[in-house]
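Structure first, commentary second.
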Amino acid sequence: MSSYSELEPEIIPPDAEPVVRVQGRSPWQLSWARFRRDRLAVVSLVVLALMLVFALMAPLWASWTGHPYDQTFPKTALDPNGQPVGPSADFWLGADQLGRDVLVRASYGARISLLVGIAAAVLASLLGVAAGTLAGFVGGWLDTLIARLMDITLALPYLLVAILLATTFQISSVAASLTMTVLVIAFFSFAAFGRIIRGQVMSLKEKEFVEAARSLGASKARIMFVDVLPNLVAQVTVLTSLLIPTSIVFEATLSFLGVGVRPPMPSWGSMLGEGSDVFQSAWWLLAVPAVLLLLTTLSFNLLGDGIRDALDPRSDRVIGKK
Amino acid sequence: MVRFVLRRLLYSVMVLLLVATLVFVFLHISPVSVERVIGGPKATTDTLEQIRRNLGLDQPVLVQYGQFLGRLLKGDLGDSYINGTSVAQLVADRLPTTLWLVFGAGVIWFVGGVVTGVFSATHARGLGDRLVTVVVLIGLSTPAFVMALVLLYLFSTKLGEAGFPFFEAGPPLQEHFLRRMILPWIALSFLMVATYTRLTRGSMLDVLGEDYIRTARAKGLSERQVVYRHALRSALTPVVTQFGIDLGALIGSTIVTEKVFGLQGVGQLVFQSISLGDTPVIIGVTLMVTLFVVVANLVVDVGYSFLDPRVRLS
């Protein structure tokens with residue numbers, strides 16, 4: 001057992017109870033403890049984990065049902081009138097208008113949603129942090145340039161320009177359309193992110209501890225990476241986690257309009273777009289992708305709120321507690 | 001003040017110029033061949049060459065760019081490649097539907113957002129507030145097109161069959177205006193109501209914590225007067241600012257709602273033009289939509305600088 005002071009060894013009487021000391025907890029441990037108490041956030045984490053498993057199982061669903069995602073089964077999946085069959089023993093979540101398995105396609109769609117959502121959010125936050133810190137820290141003409149560029153990006157009619165981009169480059173391969181979708185989403189999301197980071201950096205720059213570092217002779221680069229950036233970690237984590245659902249919605253919207261992820265790769269958005277003509281007679285074509293999409297974005301939003309409350313106990317929800 | 005307005009105006013013109021250039025560059029490097037679009041699949045090489053010459057596409061890029069800007073300055077957006085109608089005319093035909101869609105949705109989301117936001121803030125941590133928070137989160141998580149599809153399915157198909165025709169497809173400006181617009185309005189405003197509830201609630205809570213609110217309460221004013229006279233007025237400033245910006249921006253994002261409900265607005269026009277390769281229409285609509293955004297930003301900035309002189313100095 002260690003003692004409080006090396007000079008004055010602690011004397012423990014032989015028959016005394018062992019002293020139980022309060023263990024120090026790191027900020028991350030405290031945040032984790034707060035997060036665990038947030039039941040909604042924990043539930044959404046579980047839902048997202050299940051969604052990930054559902055996505056990873058995509059090839060398994062295909063082999064269990066014997067229905068590859070891009071293959072049509074006109075004999076078994078369509079009734080004599082050419083209408084898709086509903087949920088049954090053969091097609092667990094029904095078939096789509098071309099006679100493909102909705103379960104298998106939805107599971108591949110989950111891969112696309114999670115992949116594009118997370119990749120675009122991470123890329124946007126990297127771009128946003130780079131632009132925001134550079135503008136806020138260096139200042140001067142560089143700040144003016146970056147800040148104006150971000151303003152202009154925010155003024156662009158993003159859906160229109162995204163459609164224009166996607167059709168301009170007439171992408172037909174699945175991989176290229178995935179890359180393109182991620183890039184488009186990241187491009188239109190980074191500016192809002194960068195603006196917040198820029199403001200944060202500008203206020204951090206004036207703090208006493210940065211002045212202290214400067215007076216100790218720390219270089220600009222050291223101040224930026226050692227003093228300023230670590231202070232942004234909490235904010236960046238929260239913003240990124242809240243950007244994921246926005247990116248998922250963005251991808252679904254682009255794919256719904258037919259300019260996101262290209263067929264034959266299914267996406268929840270394109271499933272909703274392609275099936276919209278037969279919803280009246282085939283409700284599962286609307287219900288399955290819509291419920292999955294809503295469940296995923298809602299869980300990510302709840303998770304993001306939970307992370308924010310855990311990392312910053314003073315934030316929004318607690319203000320109301322008077 | 002005049003300098004501030006002039007500077008903002010100059011900046012707005014720069015944004016428009018930049019967007020125009022961007023669109024020009026995109027369409028120039030696009031592999032879609034315009035002469036093929038006009039001439040059709042059976043056109044001979046000679047015909048294609050003739051079309052290129054008529055459109056001035058055989059000239060160097062910079063000359064084309066100069067002519068493009070020159071026409072823009074004169075307010076000439078060109079003619080559609082597909083049917084020869086002037087772009088200005090096409091846009092003018094479609095704009096009313098989109099404007100009605102956006103403004104109707106705007107009224108719903110502003111009133112809805114502010115009312116629920118104030119309720120939520122004055123009943124913070126209560127059951128009502130929690131309920132609102134849950135609904136807001138669902139609203140924030142629902143893509144506009146999913147909301148539109150679900151509404152269309154429920155109200156048009158199911159209730160329509162049951163004898164309650166809540167929705168009817170068709171051009172809304174001719175007849176049955178409300179019946180044709182109400183579902184699109186709800187679909188378009190659902191997410192925004194959620195956003196504005198959050199915004200108003202946060203802003204109200206900030207203001208209610210201010211010293212002057214305590215003073216107002218100490219003076220013995222009724223809670224109603226404190227909330228609506230003193231707090232709401234200053235809490236609304238950031239909300240109104242955001243409203244101006246969003247209203248302008250929304251004009252560019254009605255594409256989805258228009259598509260689902262079959263409304264022939266500007267969004268559908270540009271979407272169809274993109275798939276047809278009708279360049280002048282794409283450029284025209286993109287510029288017009290950007291103009292709305294830029295003007296909205298300008299109005300908000302200038303209006304704000306009247307209310308709050310600190311803005312002008314930064």
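For the structure tokens, the naming scheme is as follows: chains receive sequential letters (A, B, ...) according to their order of presentation, residues are indexed from 1 within each chain, and ligands are indexed from 1 in presentation order.
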message = Within 8 Å of chain A, which residues belong to chain B? Use only C-alpha atoms and report them as a PyMOL selection string.
response = chain B and resi 15+19+26-27+29-32+121+124-125+137-138+140-143+145-146+149-150+153+157+202+205+249+252-253+256+274-275+286+289-290+293-294
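Non-sequential neighbours of Glu49 in chain B (distance at most 12 Å, separation of 3 or more positions within a chain, only C-alpha atoms) are Ser33, Val34, Glu35, Arg36, Ile38, Gly39, Ala43, Thr44, Thr45, Asp46, Arg52, Arg53, Asn54, Leu55, Gly56, Leu57 and Asp58 of chain B.
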What does the file look like for those residues with N, CA and C atoms, as a short mmCIF file (atom, residue, chain, number, x, y, z; two decimals), in the first residue's frame?
```
data_model
loop_
_atom_site.label_atom_id
_atom_site.label_comp_id
_atom_site.auth_asym_id
_atom_site.auth_seq_id
_atom_site.Cartn_x
_atom_site.Cartn_y
_atom_site.Cartn_z
N SER B 33 -23.53 14.56 -74.56
CA SER B 33 -23.35 15.40 -75.74
C SER B 33 -24.66 16.08 -76.09
N VAL B 34 -24.59 17.41 -76.07
CA VAL B 34 -25.79 18.22 -76.25
C VAL B 34 -26.38 18.03 -77.64
N GLU B 35 -25.51 17.97 -78.66
CA GLU B 35 -26.02 17.87 -80.03
C GLU B 35 -26.76 16.53 -80.23
N ARG B 36 -26.32 15.51 -79.47
CA ARG B 36 -26.99 14.21 -79.54
C ARG B 36 -28.39 14.33 -78.92
N ILE B 38 -30.25 17.02 -78.79
CA ILE B 38 -31.15 17.77 -79.67
C ILE B 38 -31.44 17.01 -80.96
N GLY B 39 -30.36 16.47 -81.56
CA GLY B 39 -30.51 15.84 -82.87
C GLY B 39 -31.22 14.50 -82.81
N ALA B 43 -29.51 11.26 -85.87
CA ALA B 43 -28.92 12.40 -86.57
C ALA B 43 -27.58 12.03 -87.22
N THR B 44 -27.33 12.60 -88.41
CA THR B 44 -26.08 12.32 -89.11
C THR B 44 -24.98 13.21 -88.55
N THR B 45 -23.72 12.89 -88.90
CA THR B 45 -22.59 13.68 -88.41
C THR B 45 -22.72 15.13 -88.84
N ASP B 46 -23.20 15.34 -90.08
CA ASP B 46 -23.36 16.72 -90.57
C ASP B 46 -24.36 17.50 -89.73
N ARG B 52 -23.97 21.98 -83.41
CA ARG B 52 -22.87 22.52 -82.60
C ARG B 52 -22.58 23.96 -83.00
N ARG B 53 -22.56 24.21 -84.32
CA ARG B 53 -22.24 25.55 -84.79
C ARG B 53 -23.34 26.54 -84.41
N ASN B 54 -24.58 26.10 -84.55
CA ASN B 54 -25.70 26.99 -84.19
C ASN B 54 -25.63 27.42 -82.73
N LEU B 55 -25.24 26.48 -81.87
CA LEU B 55 -25.20 26.78 -80.44
C LEU B 55 -23.90 27.46 -80.04
N GLY B 56 -22.96 27.57 -80.98
CA GLY B 56 -21.67 28.19 -80.67
C GLY B 56 -20.77 27.26 -79.88
N LEU B 57 -21.06 25.96 -79.93
CA LEU B 57 -20.26 25.01 -79.15
C LEU B 57 -18.93 24.69 -79.82
N ASP B 58 -18.74 25.16 -81.10
CA ASP B 58 -17.48 24.88 -81.79
C ASP B 58 -16.41 25.90 -81.44
#
```
message = Just want the 12 Å neighbourhood of Arg36 in chain A, counted on only C-alpha atoms, with same-chain residues fewer than 4 positions away dropped. Output as a PyMOL selection string.
response = chain A and resi 29-32+40-45+303+306-307+309-310
ask   = Any idea what the distance is between CA of Ile283 in chain B and CA of Leu77 in chain B?
value =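 Going from CA of Ile283 in chain B over to CA of Leu77 in chain B covers 8.0 Å.
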